[in-house]
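S.K.: Pasting input.csv here (CSV, C-alpha atoms and all ligand atoms):
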```
chain,number,residue,atom,x,y,z
A,1,MET,CA,68.9,142.4,110.1
A,2,ALA,CA,72.7,142.4,110.3
A,3,ARG,CA,74.2,139.1,109.3
A,4,THR,CA,76.1,137.1,112.0
A,5,ARG,CA,79.8,137.4,111.4
A,6,ILE,CA,81.8,134.2,111.7
A,7,ALA,CA,85.5,133.7,111.3
A,8,LEU,CA,86.8,130.2,111.0
A,9,ILE,CA,90.4,129.6,111.8
A,10,GLY,CA,91.9,126.5,110.1
A,11,PRO,CA,89.9,125.4,107.1
A,12,GLY,CA,91.3,121.9,107.0
A,13,ALA,CA,89.3,118.7,107.0
A,14,ILE,CA,86.8,119.7,109.7
A,15,GLY,CA,87.1,123.5,109.2
A,16,ALA,CA,86.4,123.3,105.4
A,17,THR,CA,83.5,121.0,105.9
A,18,VAL,CA,81.9,123.1,108.6
A,19,ALA,CA,82.6,126.3,106.6
A,20,ALA,CA,81.1,125.0,103.4
A,21,TRP,CA,77.9,124.1,105.3
A,22,LEU,CA,77.7,127.5,107.1
A,23,ALA,CA,78.3,129.3,103.8
A,24,GLN,CA,75.0,127.9,102.5
A,25,SER,CA,73.1,130.3,104.8
A,26,PRO,CA,72.6,133.8,103.5
A,27,GLU,CA,72.2,135.0,107.2
A,28,LEU,CA,75.8,134.2,108.0
A,29,ALA,CA,78.8,136.3,106.8
A,30,LEU,CA,81.8,133.9,106.8
A,31,THR,CA,85.5,134.6,106.6
A,32,LEU,CA,88.1,131.8,106.5
A,33,CYS,CA,91.4,132.5,108.3
A,34,ALA,CA,93.8,130.2,106.5
A,35,ARG,CA,97.5,129.4,106.7
A,36,THR,CA,97.7,127.9,103.1
A,37,PRO,CA,95.7,129.9,100.5
A,38,LEU,CA,92.7,128.3,99.0
A,39,ASP,CA,90.3,129.4,96.2
A,40,ARG,CA,87.1,127.7,97.1
A,41,LEU,CA,85.6,124.9,99.2
A,42,GLU,CA,84.4,121.7,97.6
A,43,ILE,CA,83.1,119.1,99.9
A,44,ASP,CA,82.0,115.6,98.9
A,45,ALA,CA,79.2,115.3,101.5
A,46,PRO,CA,77.2,112.1,102.0
A,47,ASP,CA,74.4,113.4,99.8
A,48,GLY,CA,76.5,115.0,97.1
A,49,ARG,CA,79.0,117.8,96.5
A,50,ILE,CA,78.5,121.2,98.1
A,51,SER,CA,80.7,124.2,97.2
A,52,ALA,CA,81.2,127.7,98.5
A,53,GLN,CA,83.5,130.7,97.9
A,54,PRO,CA,83.7,132.6,101.2
A,55,GLU,CA,86.2,135.4,101.9
A,56,VAL,CA,89.7,134.0,102.6
A,57,LEU,CA,92.3,135.8,104.6
A,58,THR,CA,95.9,134.6,105.1
A,59,ASP,CA,97.2,137.7,107.0
A,60,PRO,CA,96.0,137.9,110.6
A,61,ALA,CA,96.5,141.7,110.6
A,62,ALA,CA,93.7,141.9,108.0
A,63,ALA,CA,91.1,140.3,110.3
A,64,LYS,CA,88.4,142.3,112.0
A,65,PRO,CA,86.3,141.5,115.1
A,66,VAL,CA,83.4,139.1,114.6
A,67,ASP,CA,80.5,137.6,116.5
A,68,TRP,CA,81.8,134.1,116.5
A,69,VAL,CA,85.2,132.6,116.0
A,70,LEU,CA,85.4,128.8,115.2
A,71,VAL,CA,88.8,127.4,115.8
A,72,CYS,CA,89.4,124.3,113.7
A,73,THR,CA,93.2,123.9,113.8
A,74,LYS,CA,94.9,120.9,115.2
A,75,THR,CA,95.5,121.1,119.0
A,76,TYR,CA,99.2,121.7,118.5
A,77,ASP,CA,98.6,124.8,116.3
A,78,VAL,CA,97.0,126.8,119.1
A,79,ALA,CA,99.8,129.5,119.1
A,80,GLY,CA,99.2,130.0,115.4
A,81,ALA,CA,95.4,130.3,116.0
A,82,ALA,CA,96.1,132.8,118.7
A,83,THR,CA,97.7,135.2,116.3
A,84,TRP,CA,94.3,135.5,114.6
A,85,LEU,CA,92.4,135.8,117.8
A,86,GLU,CA,94.2,139.0,118.7
A,87,HIS,CA,92.4,140.7,115.7
A,88,LEU,CA,89.1,138.8,115.7
A,89,LEU,CA,88.0,139.3,119.3
A,90,GLY,CA,85.6,142.1,120.1
A,91,PRO,CA,83.9,142.7,123.5
A,92,ASP,CA,81.2,140.1,122.8
A,93,THR,CA,83.0,137.6,120.5
A,94,ARG,CA,82.5,133.9,121.4
A,95,VAL,CA,85.2,131.4,120.5
A,96,ALA,CA,84.0,127.9,119.7
A,97,VAL,CA,86.9,125.3,119.8
A,98,LEU,CA,86.2,122.4,117.5
A,99,GLN,CA,89.1,120.1,118.4
A,100,ASN,CA,89.7,116.7,119.8
A,101,GLY,CA,91.0,116.0,123.3
A,102,VAL,CA,89.4,117.1,126.6
A,103,GLU,CA,91.3,120.4,127.3
A,104,HIS,CA,89.6,122.8,124.9
A,105,VAL,CA,89.1,125.5,127.5
A,106,ALA,CA,92.5,125.2,129.2
A,107,ARG,CA,94.2,125.4,125.8
A,108,PHE,CA,92.6,128.7,124.9
A,109,ALA,CA,92.4,130.3,128.4
A,110,PRO,CA,95.7,132.2,127.9
A,111,TYR,CA,94.2,134.0,124.9
A,112,VAL,CA,90.4,134.3,125.5
A,113,PRO,CA,88.3,135.1,128.6
A,114,VAL,CA,87.2,131.6,129.7
A,115,GLU,CA,83.5,132.5,129.9
A,116,ARG,CA,83.6,133.2,126.2
A,117,ILE,CA,85.2,129.9,125.2
A,118,VAL,CA,82.7,127.4,123.9
A,119,PRO,CA,84.2,123.8,123.7
A,120,ALA,CA,82.8,121.5,121.0
A,121,VAL,CA,83.1,117.7,120.6
A,122,VAL,CA,83.1,117.0,116.9
A,123,ASP,CA,82.1,113.7,115.5
A,124,ILE,CA,82.4,114.2,111.8
A,125,SER,CA,84.7,111.9,109.7
A,126,ALA,CA,86.4,114.1,107.1
A,127,GLU,CA,89.6,113.7,105.0
A,128,ARG,CA,91.2,116.5,102.9
A,129,SER,CA,92.8,115.8,99.6
A,130,ALA,CA,93.9,119.4,98.8
A,131,PRO,CA,93.3,122.9,100.2
A,132,GLY,CA,89.5,123.3,100.4
A,133,ARG,CA,88.8,119.8,99.0
A,134,VAL,CA,87.4,117.3,101.5
A,135,LEU,CA,85.6,114.0,101.6
A,136,GLN,CA,83.0,114.2,104.4
A,137,ARG,CA,82.2,110.6,105.1
A,138,MET,CA,79.1,111.2,107.4
A,139,ASN,CA,76.9,114.2,108.3
A,140,GLY,CA,78.0,113.6,111.9
A,141,ASN,CA,77.3,115.6,115.0
A,142,ILE,CA,78.7,118.3,117.2
A,143,LEU,CA,78.0,118.4,121.0
A,144,LEU,CA,78.4,121.5,123.2
A,145,PRO,CA,77.7,122.2,126.9
A,146,ALA,CA,74.1,123.2,127.7
A,147,GLY,CA,73.6,127.0,128.1
A,148,PRO,CA,72.9,130.1,126.0
A,149,ASP,CA,76.3,130.0,124.2
A,150,GLY,CA,75.7,126.3,123.2
A,151,GLU,CA,72.2,127.1,122.0
A,152,ALA,CA,73.4,130.1,120.0
A,153,PHE,CA,76.0,127.8,118.3
A,154,VAL,CA,73.3,125.3,117.6
A,155,ALA,CA,71.3,128.0,115.8
A,156,LEU,CA,74.2,128.7,113.4
A,157,PHE,CA,73.8,125.2,112.0
A,158,ALA,CA,70.0,125.0,111.9
A,159,HIS,CA,70.0,124.8,108.0
A,160,THR,CA,72.7,122.1,107.8
A,161,PRO,CA,72.4,118.3,108.0
A,162,ILE,CA,75.0,118.2,110.8
A,163,ALA,CA,73.3,117.3,114.1
A,164,VAL,CA,74.4,120.0,116.4
A,165,ARG,CA,73.1,119.9,120.0
A,166,THR,CA,73.9,120.6,123.6
A,167,THR,CA,74.2,118.3,126.5
A,168,GLY,CA,74.0,118.7,130.3
A,169,ASP,CA,76.8,116.2,130.7
A,170,PHE,CA,79.6,117.5,128.6
A,171,THR,CA,82.3,115.7,130.6
A,172,THR,CA,80.8,112.4,129.5
A,173,ALA,CA,80.7,113.6,125.8
A,174,LEU,CA,84.4,114.6,126.0
A,175,PHE,CA,85.6,111.3,127.4
A,176,ARG,CA,83.4,109.2,125.1
A,177,LYS,CA,85.1,110.9,122.1
A,178,LEU,CA,88.5,110.6,123.7
A,179,THR,CA,87.8,106.8,124.1
A,180,VAL,CA,87.2,106.6,120.3
A,181,ASN,CA,90.3,108.7,119.5
A,182,CYS,CA,92.7,106.8,121.7
A,183,ALA,CA,91.7,103.4,120.2
A,184,GLY,CA,92.6,104.9,116.8
A,185,GLY,CA,96.2,105.5,117.8
A,186,VAL,CA,97.0,102.0,116.6
A,187,CYS,CA,96.1,103.0,113.0
A,188,GLY,CA,98.7,105.8,113.3
A,189,ILE,CA,101.4,103.4,114.6
A,190,VAL,CA,100.8,100.6,112.0
A,191,ASP,CA,100.1,103.2,109.3
A,192,LYS,CA,96.9,101.4,108.2
A,193,PRO,CA,93.3,102.7,107.8
A,194,ASN,CA,90.4,101.6,110.1
A,195,GLY,CA,90.1,98.2,108.4
A,196,ILE,CA,93.0,97.0,110.4
A,197,SER,CA,90.7,96.9,113.5
A,198,ARG,CA,89.1,93.7,112.0
A,199,ASP,CA,92.3,91.8,112.9
A,200,PRO,CA,91.5,90.3,116.3
A,201,ALA,CA,94.9,90.9,117.8
A,202,ILE,CA,94.8,94.6,116.8
A,203,ALA,CA,91.2,94.8,118.1
A,204,GLU,CA,92.5,93.5,121.5
A,205,LEU,CA,95.1,96.3,121.6
A,206,MET,CA,92.5,98.9,120.8
A,207,VAL,CA,90.1,97.7,123.5
A,208,ALA,CA,92.9,97.8,126.0
A,209,LEU,CA,93.7,101.4,125.1
A,210,ALA,CA,90.1,102.4,125.2
A,211,GLU,CA,89.6,100.7,128.6
A,212,GLU,CA,92.3,102.9,130.1
A,213,CYS,CA,90.5,106.0,128.8
A,214,VAL,CA,87.2,104.8,130.3
A,215,ALA,CA,88.9,104.4,133.7
A,216,ILE,CA,90.4,107.9,133.5
A,217,GLY,CA,87.1,109.4,132.2
A,218,ARG,CA,85.2,107.9,135.2
A,219,ALA,CA,87.8,109.3,137.6
A,220,GLU,CA,87.1,112.7,136.0
A,221,GLY,CA,83.3,112.3,136.5
A,222,ALA,CA,82.2,110.9,133.1
A,223,LYS,CA,79.5,108.3,133.0
A,224,LEU,CA,80.8,105.7,130.7
A,225,ALA,CA,79.2,102.3,130.1
A,226,ASP,CA,81.1,99.1,131.0
A,227,ASP,CA,81.0,97.9,127.4
A,228,LEU,CA,82.1,101.3,125.9
A,229,ALA,CA,85.6,100.1,125.0
A,230,ALA,CA,84.3,97.1,123.1
A,231,ALA,CA,81.5,99.1,121.4
A,232,VAL,CA,84.1,101.7,120.3
A,233,VAL,CA,86.2,99.0,118.6
A,234,ARG,CA,83.1,97.5,117.0
A,235,GLY,CA,82.5,101.0,115.6
A,236,TYR,CA,85.9,100.9,113.9
A,237,GLN,CA,85.3,97.4,112.6
A,238,ASN,CA,82.0,98.5,111.1
A,239,SER,CA,83.3,101.8,109.5
A,240,ALA,CA,84.6,102.0,105.9
A,241,PRO,CA,87.8,99.9,106.0
A,242,ASP,CA,89.7,102.7,104.0
A,243,SER,CA,88.7,105.5,106.3
A,244,ILE,CA,91.6,107.4,108.0
A,245,ASN,CA,91.5,109.1,111.3
A,246,SER,CA,93.1,112.6,111.6
A,247,LEU,CA,96.1,111.4,113.6
A,248,HIS,CA,96.9,108.9,110.9
A,249,ALA,CA,96.3,111.5,108.2
A,250,ASP,CA,98.8,113.7,109.9
A,251,ARG,CA,101.4,110.9,109.9
A,252,MET,CA,100.7,110.2,106.2
A,253,ALA,CA,101.2,113.9,105.4
A,254,GLY,CA,104.4,114.2,107.4
A,255,ARG,CA,102.7,116.7,109.8
A,256,PRO,CA,103.0,116.6,113.6
A,257,MET,CA,100.4,114.3,115.3
A,258,GLU,CA,98.0,115.1,118.2
A,259,ILE,CA,99.9,112.7,120.4
A,260,ASP,CA,99.5,114.7,123.6
A,261,ALA,CA,95.8,115.6,123.1
A,262,ARG,CA,94.8,112.1,122.3
A,263,HIS,CA,97.1,109.9,124.4
A,264,GLY,CA,99.4,112.0,126.6
A,265,VAL,CA,96.4,113.5,128.4
A,266,ILE,CA,95.3,110.0,129.4
A,267,VAL,CA,98.8,109.3,130.9
A,268,ARG,CA,98.9,112.7,132.6
A,269,LEU,CA,95.4,112.3,134.1
A,270,GLY,CA,96.3,108.7,135.1
A,271,GLU,CA,99.3,110.1,137.1
A,272,THR,CA,96.9,112.6,138.8
A,273,HIS,CA,94.4,109.9,139.8
A,274,GLY,CA,96.9,107.1,140.5
A,275,ILE,CA,95.5,105.0,137.6
A,276,PRO,CA,98.1,103.1,135.5
A,277,THR,CA,97.9,103.7,131.8
A,278,PRO,CA,100.7,101.5,130.3
A,279,MET,CA,99.0,101.1,126.9
A,280,ASN,CA,98.6,104.8,126.2
A,281,ARG,CA,102.1,105.4,127.6
A,282,LEU,CA,103.4,102.9,125.0
A,283,VAL,CA,101.5,104.6,122.2
A,284,VAL,CA,102.9,108.0,123.3
A,285,THR,CA,106.4,106.6,123.1
A,286,LEU,CA,105.9,104.8,119.8
A,287,LEU,CA,104.2,107.8,118.1
A,288,THR,CA,106.8,110.2,119.4
A,289,ALA,CA,109.5,108.0,118.0
A,290,ILE,CA,107.7,107.8,114.6
A,291,GLN,CA,107.2,111.6,114.6
A,301,LIG,N1,89.3,115.0,110.4
A,301,LIG,C1,88.4,114.4,111.2
A,301,LIG,O1,87.8,113.5,110.7
A,301,LIG,C2,88.2,114.9,112.6
A,301,LIG,C3,87.1,114.4,113.2
A,301,LIG,C4,86.8,114.9,114.5
A,301,LIG,C5,87.6,115.8,115.1
A,301,LIG,N2,88.8,116.2,114.5
A,301,LIG,C6,89.6,117.2,115.2
A,301,LIG,O2,89.4,118.4,114.6
A,301,LIG,C7,90.6,119.2,114.7
A,301,LIG,C8,91.0,119.6,113.2
A,301,LIG,O3,91.3,118.4,112.5
A,301,LIG,P1,91.4,118.4,111.0
A,301,LIG,O4,91.4,116.9,110.6
A,301,LIG,O5,90.4,119.2,110.3
A,301,LIG,O6,92.9,119.0,110.7
A,301,LIG,P2,93.5,119.5,109.4
A,301,LIG,O7,92.9,118.9,108.2
A,301,LIG,O8,95.0,119.3,109.6
A,301,LIG,O9,93.2,121.0,109.4
A,301,LIG,C9,93.8,122.0,110.3
A,301,LIG,C10,93.8,123.3,109.5
A,301,LIG,O10,94.4,124.3,110.3
A,301,LIG,C11,95.2,125.1,109.5
A,301,LIG,N3,96.1,125.9,110.3
A,301,LIG,C12,97.1,125.5,111.1
A,301,LIG,N4,97.7,126.6,111.6
A,301,LIG,C13,97.0,127.7,111.2
A,301,LIG,C14,97.1,129.1,111.4
A,301,LIG,N5,98.1,129.6,112.2
A,301,LIG,N6,96.3,129.9,110.8
A,301,LIG,C15,95.3,129.4,110.0
A,301,LIG,N7,95.1,128.1,109.8
A,301,LIG,C16,96.0,127.2,110.4
A,301,LIG,C17,95.9,124.1,108.6
A,301,LIG,O11,96.5,124.7,107.6
A,301,LIG,P3,97.3,124.0,106.4
A,301,LIG,O12,96.3,123.8,105.3
A,301,LIG,O13,98.4,125.0,106.1
A,301,LIG,O14,97.8,122.7,107.0
A,301,LIG,C18,94.7,123.2,108.2
A,301,LIG,O15,94.0,123.7,107.1
A,301,LIG,C19,91.6,118.3,115.3
A,301,LIG,O16,91.7,118.6,116.7
A,301,LIG,C20,91.1,116.9,115.1
A,301,LIG,O17,91.6,116.0,116.0
A,301,LIG,C21,89.1,115.8,113.2
```
Can you dump the structure from the file as structure tokens?
M.R.:
Amino acid sequence: MARTRIALIGPGAIGATVAAWLAQSPELALTLCARTPLDRLEIDAPDGRISAQPEVLTDPAAAKPVDWVLVCTKTYDVAGAATWLEHLLGPDTRVAVLQNGVEHVARFAPYVPVERIVPAVVDISAERSAPGRVLQRMNGNILLPAGPDGEAFVALFAHTPIAVRTTGDFTTALFRKLTVNCAGGVCGIVDKPNGISRDPAIAELMVALAEECVAIGRAEGAKLADDLAAAVVRGYQNSAPDSINSLHADRMAGRPMEIDARHGVIVRLGETHGIPTPMNRLVVTLLTAIQ
């Protein structure tokens, strides 16, 4: 049987981790679409190191149509990802978007027929130290909307320890993750890893940020528990104190930060619904000034 052809755009922390796991299956033919060249993937996964040496392209013109595209760039690198999509899309190609935020489909709608976009909520903590070298702190999970495309994506990961599954309530999954992300904006501002959440005053700020997101999520139809904001901050407090979220990693590396996808969207949706979001607005202002 022909192998399933997968092209992964953006082999950074999440992309390299996902790619290394996919590359362990002989049934999948994987190509990495990279901006910065890399020789191999080496992932320090929770149960030991895994490595892989898939095909790597750095020139979009060399890419050919595939069955699946996995987009793992940052949300602000969509235009760069789109230069690959021009060459990777065939008549049946599905495009999974593994990014944070809640606007996966809208972001790629200018480039891909919307019925072929498969949004994914990624809950994997991964930090890259060099091209292709990543610390994967937990096996993690990926959630997709219920339906045939989601199930086909789940099947790609059947041999991996990453828990990939579908949900009938994807809106709730999106906003639960956004609640986690927006609380972490504080780490980006103070330039300190997750351990800073153990400071009670910082924890209070994080809860306030998360509560705004819960209010917006509910207005968008998400079913979010009353104690979600507090539970999210407890999650930060119980995580490894030296772990670094991807917005903070961007600040440390001097890259742009996903300010709009993680905080600006809460402010924008707040305006739509008439819900005040002063904490997230403040974070947008401060992070933008830092950037
Ligand atoms: N890291 C985490 O723990 C985590 C957890 C959950 C969700 N997420 C989300 O997952 C997404 C990816 O985050 P990340 O942490 O993996 O980011 P990252 O480490 O910065 O990786 C992004 C990758 O995209 C590449 N890229 C950018 N433009 C490109 C282009 N035109 N063509 C090919 N590759 C391109 C970058 O190349 P360079 O190597 O040249 O920079 C980099 O390798 C984000 O939306 C993030 O919020 C991250």
S.K.: Find the residue from A:Thr171, A:Gln99, A:Asn280, A:Gln291 that sits nearest to ligand LIG 301 (chain A); use all atoms listed in the file when measuring.
M.R.: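 Closest residue, counting all atoms listed in the file: A:Gln99.
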S.K.: Between A:Val102, A:Glu258, A:Gly48, A:Thr166, which one has atoms that come closest to Thr73 in chain A, using only C-alpha atoms?
M.R.: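 Smallest separation from Thr73 in chain A among the options: A:Glu258.
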S.K.: Determine the nearest neighbour of ligand LIG 301 (chain A) from the options A:Ala163, A:Leu209, A:Ala13, A:Ala61, counting all atoms listed in the file.
M.R.: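 Counting all atoms listed in the file, the residue closest to ligand LIG 301 (chain A) is A:Ala13.
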S.K.: Considering all atoms listed in the file, return as a PDB file with C-alpha atoms, in the coordinates of the input whatever protein or nucleic-acid residues lie within 10 Å of range 124-133 of chain A, sequence-local ones (same chain, fewer than 5 positions apart) excluded.
M.R.:
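Heads up, here's the output in out_16.pdb:
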```pdb
ATOM      1  CA  PRO A  11      89.900 125.400 107.100  1.00  0.00           C
ATOM      2  CA  GLY A  12      91.300 121.900 107.000  1.00  0.00           C
ATOM      3  CA  ALA A  13      89.300 118.700 107.000  1.00  0.00           C
ATOM      4  CA  ILE A  14      86.800 119.700 109.700  1.00  0.00           C
ATOM      5  CA  GLY A  15      87.100 123.500 109.200  1.00  0.00           C
ATOM      6  CA  ALA A  16      86.400 123.300 105.400  1.00  0.00           C
ATOM      7  CA  THR A  17      83.500 121.000 105.900  1.00  0.00           C
ATOM      8  CA  VAL A  18      81.900 123.100 108.600  1.00  0.00           C
ATOM      9  CA  ALA A  19      82.600 126.300 106.600  1.00  0.00           C
ATOM     10  CA  ALA A  20      81.100 125.000 103.400  1.00  0.00           C
ATOM     11  CA  ALA A  34      93.800 130.200 106.500  1.00  0.00           C
ATOM     12  CA  THR A  36      97.700 127.900 103.100  1.00  0.00           C
ATOM     13  CA  PRO A  37      95.700 129.900 100.500  1.00  0.00           C
ATOM     14  CA  LEU A  38      92.700 128.300  99.000  1.00  0.00           C
ATOM     15  CA  ASP A  39      90.300 129.400  96.200  1.00  0.00           C
ATOM     16  CA  ARG A  40      87.100 127.700  97.100  1.00  0.00           C
ATOM     17  CA  LEU A  41      85.600 124.900  99.200  1.00  0.00           C
ATOM     18  CA  GLU A  42      84.400 121.700  97.600  1.00  0.00           C
ATOM     19  CA  ILE A  43      83.100 119.100  99.900  1.00  0.00           C
ATOM     20  CA  ASP A  44      82.000 115.600  98.900  1.00  0.00           C
ATOM     21  CA  ALA A  45      79.200 115.300 101.500  1.00  0.00           C
ATOM     22  CA  SER A  51      80.700 124.200  97.200  1.00  0.00           C
ATOM     23  CA  ALA A  52      81.200 127.700  98.500  1.00  0.00           C
ATOM     24  CA  GLN A  53      83.500 130.700  97.900  1.00  0.00           C
ATOM     25  CA  MET A 138      79.100 111.200 107.400  1.00  0.00           C
ATOM     26  CA  ASN A 139      76.900 114.200 108.300  1.00  0.00           C
ATOM     27  CA  GLY A 140      78.000 113.600 111.900  1.00  0.00           C
ATOM     28  CA  ASN A 141      77.300 115.600 115.000  1.00  0.00           C
ATOM     29  CA  ILE A 142      78.700 118.300 117.200  1.00  0.00           C
ATOM     30  CA  ILE A 162      75.000 118.200 110.800  1.00  0.00           C
ATOM     31  CA  ALA A 163      73.300 117.300 114.100  1.00  0.00           C
ATOM     32  CA  SER A 243      88.700 105.500 106.300  1.00  0.00           C
ATOM     33  CA  ILE A 244      91.600 107.400 108.000  1.00  0.00           C
ATOM     34  CA  ASN A 245      91.500 109.100 111.300  1.00  0.00           C
ATOM     35  CA  SER A 246      93.100 112.600 111.600  1.00  0.00           C
ATOM     36  CA  ALA A 249      96.300 111.500 108.200  1.00  0.00           C
TER      37      ALA A 249
END
```
S.K.: Smallest atom-to-atom distance to ligand LIG 301 (chain A): which of A:Ile117, A:Leu247, A:Ala210, A:Ile216, using all atoms listed in the file?
M.R.: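 The closest residue to ligand LIG 301 (chain A) is A:Leu247.
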S.K.: Identify, on the basis of all atoms listed in the file, every residue whose closest approach to range 118-120 of chain A does not exceed 12 Å; exclude the query and any residue fewer than 6 positions from it along the same chain; express the result as a ChimeraX atom specification.
M.R.: /A:68-72,93-109,112,141-154,164-167,170-171,173-174,177
S.K.: I need the residues from that last selection saved to file as a CSV table (one decimal), in the coordinates of the input (with C-alpha atoms), if you can.
M.R.:
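Final output, part28.csv:
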```csv
chain,number,residue,atom,x,y,z
A,68,TRP,CA,81.8,134.1,116.5
A,69,VAL,CA,85.2,132.6,116.0
A,70,LEU,CA,85.4,128.8,115.2
A,71,VAL,CA,88.8,127.4,115.8
A,72,CYS,CA,89.4,124.3,113.7
A,93,THR,CA,83.0,137.6,120.5
A,94,ARG,CA,82.5,133.9,121.4
A,95,VAL,CA,85.2,131.4,120.5
A,96,ALA,CA,84.0,127.9,119.7
A,97,VAL,CA,86.9,125.3,119.8
A,98,LEU,CA,86.2,122.4,117.5
A,99,GLN,CA,89.1,120.1,118.4
A,100,ASN,CA,89.7,116.7,119.8
A,101,GLY,CA,91.0,116.0,123.3
A,102,VAL,CA,89.4,117.1,126.6
A,103,GLU,CA,91.3,120.4,127.3
A,104,HIS,CA,89.6,122.8,124.9
A,105,VAL,CA,89.1,125.5,127.5
A,106,ALA,CA,92.5,125.2,129.2
A,107,ARG,CA,94.2,125.4,125.8
A,108,PHE,CA,92.6,128.7,124.9
A,109,ALA,CA,92.4,130.3,128.4
A,112,VAL,CA,90.4,134.3,125.5
A,141,ASN,CA,77.3,115.6,115.0
A,142,ILE,CA,78.7,118.3,117.2
A,143,LEU,CA,78.0,118.4,121.0
A,144,LEU,CA,78.4,121.5,123.2
A,145,PRO,CA,77.7,122.2,126.9
A,146,ALA,CA,74.1,123.2,127.7
A,147,GLY,CA,73.6,127.0,128.1
A,148,PRO,CA,72.9,130.1,126.0
A,149,ASP,CA,76.3,130.0,124.2
A,150,GLY,CA,75.7,126.3,123.2
A,151,GLU,CA,72.2,127.1,122.0
A,152,ALA,CA,73.4,130.1,120.0
A,153,PHE,CA,76.0,127.8,118.3
A,154,VAL,CA,73.3,125.3,117.6
A,164,VAL,CA,74.4,120.0,116.4
A,165,ARG,CA,73.1,119.9,120.0
A,166,THR,CA,73.9,120.6,123.6
A,167,THR,CA,74.2,118.3,126.5
A,170,PHE,CA,79.6,117.5,128.6
A,171,THR,CA,82.3,115.7,130.6
A,173,ALA,CA,80.7,113.6,125.8
A,174,LEU,CA,84.4,114.6,126.0
A,177,LYS,CA,85.1,110.9,122.1
```
S.K.: For the atom pair CA of Val207 in chain A and CA of Gln136 in chain A, what is the interatomic distance in Å to one decimal place?
M.R.: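 Going from CA of Val207 in chain A over to CA of Gln136 in chain A, I get 26.2 Å.
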S.K.: Which of these residues is nearest to ligand LIG 301 (chain A), using all atoms listed in the file: A:Val214, A:Leu269, A:Leu156, A:Ala79?
M.R.: A:Ala79
S.K.: When distances are computed from all atoms listed in the file, which of A:Leu22, A:Met252, A:Ala208, A:Pro241 shows the smallest separation from ligand LIG 301 (chain A)?
M.R.: A:Met252
S.K.: Tell me which protein, DNA and RNA residues are within 9 Å of Val283 in chain A, counting all atoms listed in the file, leaving out same-chain ones fewer than 5 positions away, and put them as a compact mmCIF listing (two decimals) with C-alpha atoms, in the frame of the given file.
M.R.:
```
# COMPACT_ATOMS: atom_id res chain seq x y z
CA GLY A 185 96.20 105.50 117.80
CA VAL A 186 97.00 102.00 116.60
CA ILE A 189 101.40 103.40 114.60
CA LEU A 209 93.70 101.40 125.10
CA ILE A 259 99.90 112.70 120.40
CA HIS A 263 97.10 109.90 124.40
CA GLY A 264 99.40 112.00 126.60
CA PRO A 278 100.70 101.50 130.30
CA THR A 288 106.80 110.20 119.40
```
S.K.: Counting only C-alpha atoms, which residues come within 6 Å of (87.0, 102.5, 110.6), with the point read in the file's coordinates, and could you list them as a list in words?
M.R.: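 The requested residues, written out, are Asn194, Gly195, Tyr236, Gln237, Ser239, Ala240, Pro241 and Ser243 of chain A.
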S.K.: Put a box with edges along x, y and z around all the listed atoms of ligand LIG 301 (chain A), pad it by 5 Å on each side, then give me its centre and sizes in Å, one decimal, as lines of an AutoDock Vina configuration file.
M.R.:
```
center_x = 92.6
center_y = 121.7
center_z = 111.0
size_x = 21.6
size_y = 26.4
size_z = 21.4
```
S.K.: List the neighbours of range 272-277 of chain A out to 8 Å using all atoms listed in the file; skip same-chain residues closer than 5 positions along the sequence, and give me the result as a list in words.
M.R.: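 Once the nearby chain positions are removed, what remains is Glu212, Ala215, Ile216, Ala219, Ile266 and Val267 of chain A.
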S.K.: Taking 4 positions as the minimum chain separation for residues in the same chain, which residues sit within 10 Å of range 224-228 of chain A when counting only C-alpha atoms? Answer as a PDB file with C-alpha atoms, in the frame of the given file.
M.R.:
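File produced: around.pdb:
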```pdb
ATOM      1  CA  THR A 172      80.800 112.400 129.500  1.00  0.00           C
ATOM      2  CA  ALA A 173      80.700 113.600 125.800  1.00  0.00           C
ATOM      3  CA  PHE A 175      85.600 111.300 127.400  1.00  0.00           C
ATOM      4  CA  ARG A 176      83.400 109.200 125.100  1.00  0.00           C
ATOM      5  CA  THR A 179      87.800 106.800 124.100  1.00  0.00           C
ATOM      6  CA  VAL A 180      87.200 106.600 120.300  1.00  0.00           C
ATOM      7  CA  VAL A 207      90.100  97.700 123.500  1.00  0.00           C
ATOM      8  CA  ALA A 210      90.100 102.400 125.200  1.00  0.00           C
ATOM      9  CA  GLU A 211      89.600 100.700 128.600  1.00  0.00           C
ATOM     10  CA  CYS A 213      90.500 106.000 128.800  1.00  0.00           C
ATOM     11  CA  VAL A 214      87.200 104.800 130.300  1.00  0.00           C
ATOM     12  CA  ALA A 215      88.900 104.400 133.700  1.00  0.00           C
ATOM     13  CA  GLY A 217      87.100 109.400 132.200  1.00  0.00           C
ATOM     14  CA  ARG A 218      85.200 107.900 135.200  1.00  0.00           C
ATOM     15  CA  VAL A 232      84.100 101.700 120.300  1.00  0.00           C
ATOM     16  CA  VAL A 233      86.200  99.000 118.600  1.00  0.00           C
ATOM     17  CA  ARG A 234      83.100  97.500 117.000  1.00  0.00           C
TER      18      ARG A 234
END
```
S.K.: Could you jot down the CA of Ala229 in chain A to CA of Leu205 in chain A separation for me, Å, one decimal place?
M.R.: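 Between CA of Ala229 in chain A and CA of Leu205 in chain A the gap works out to 10.8 Å.
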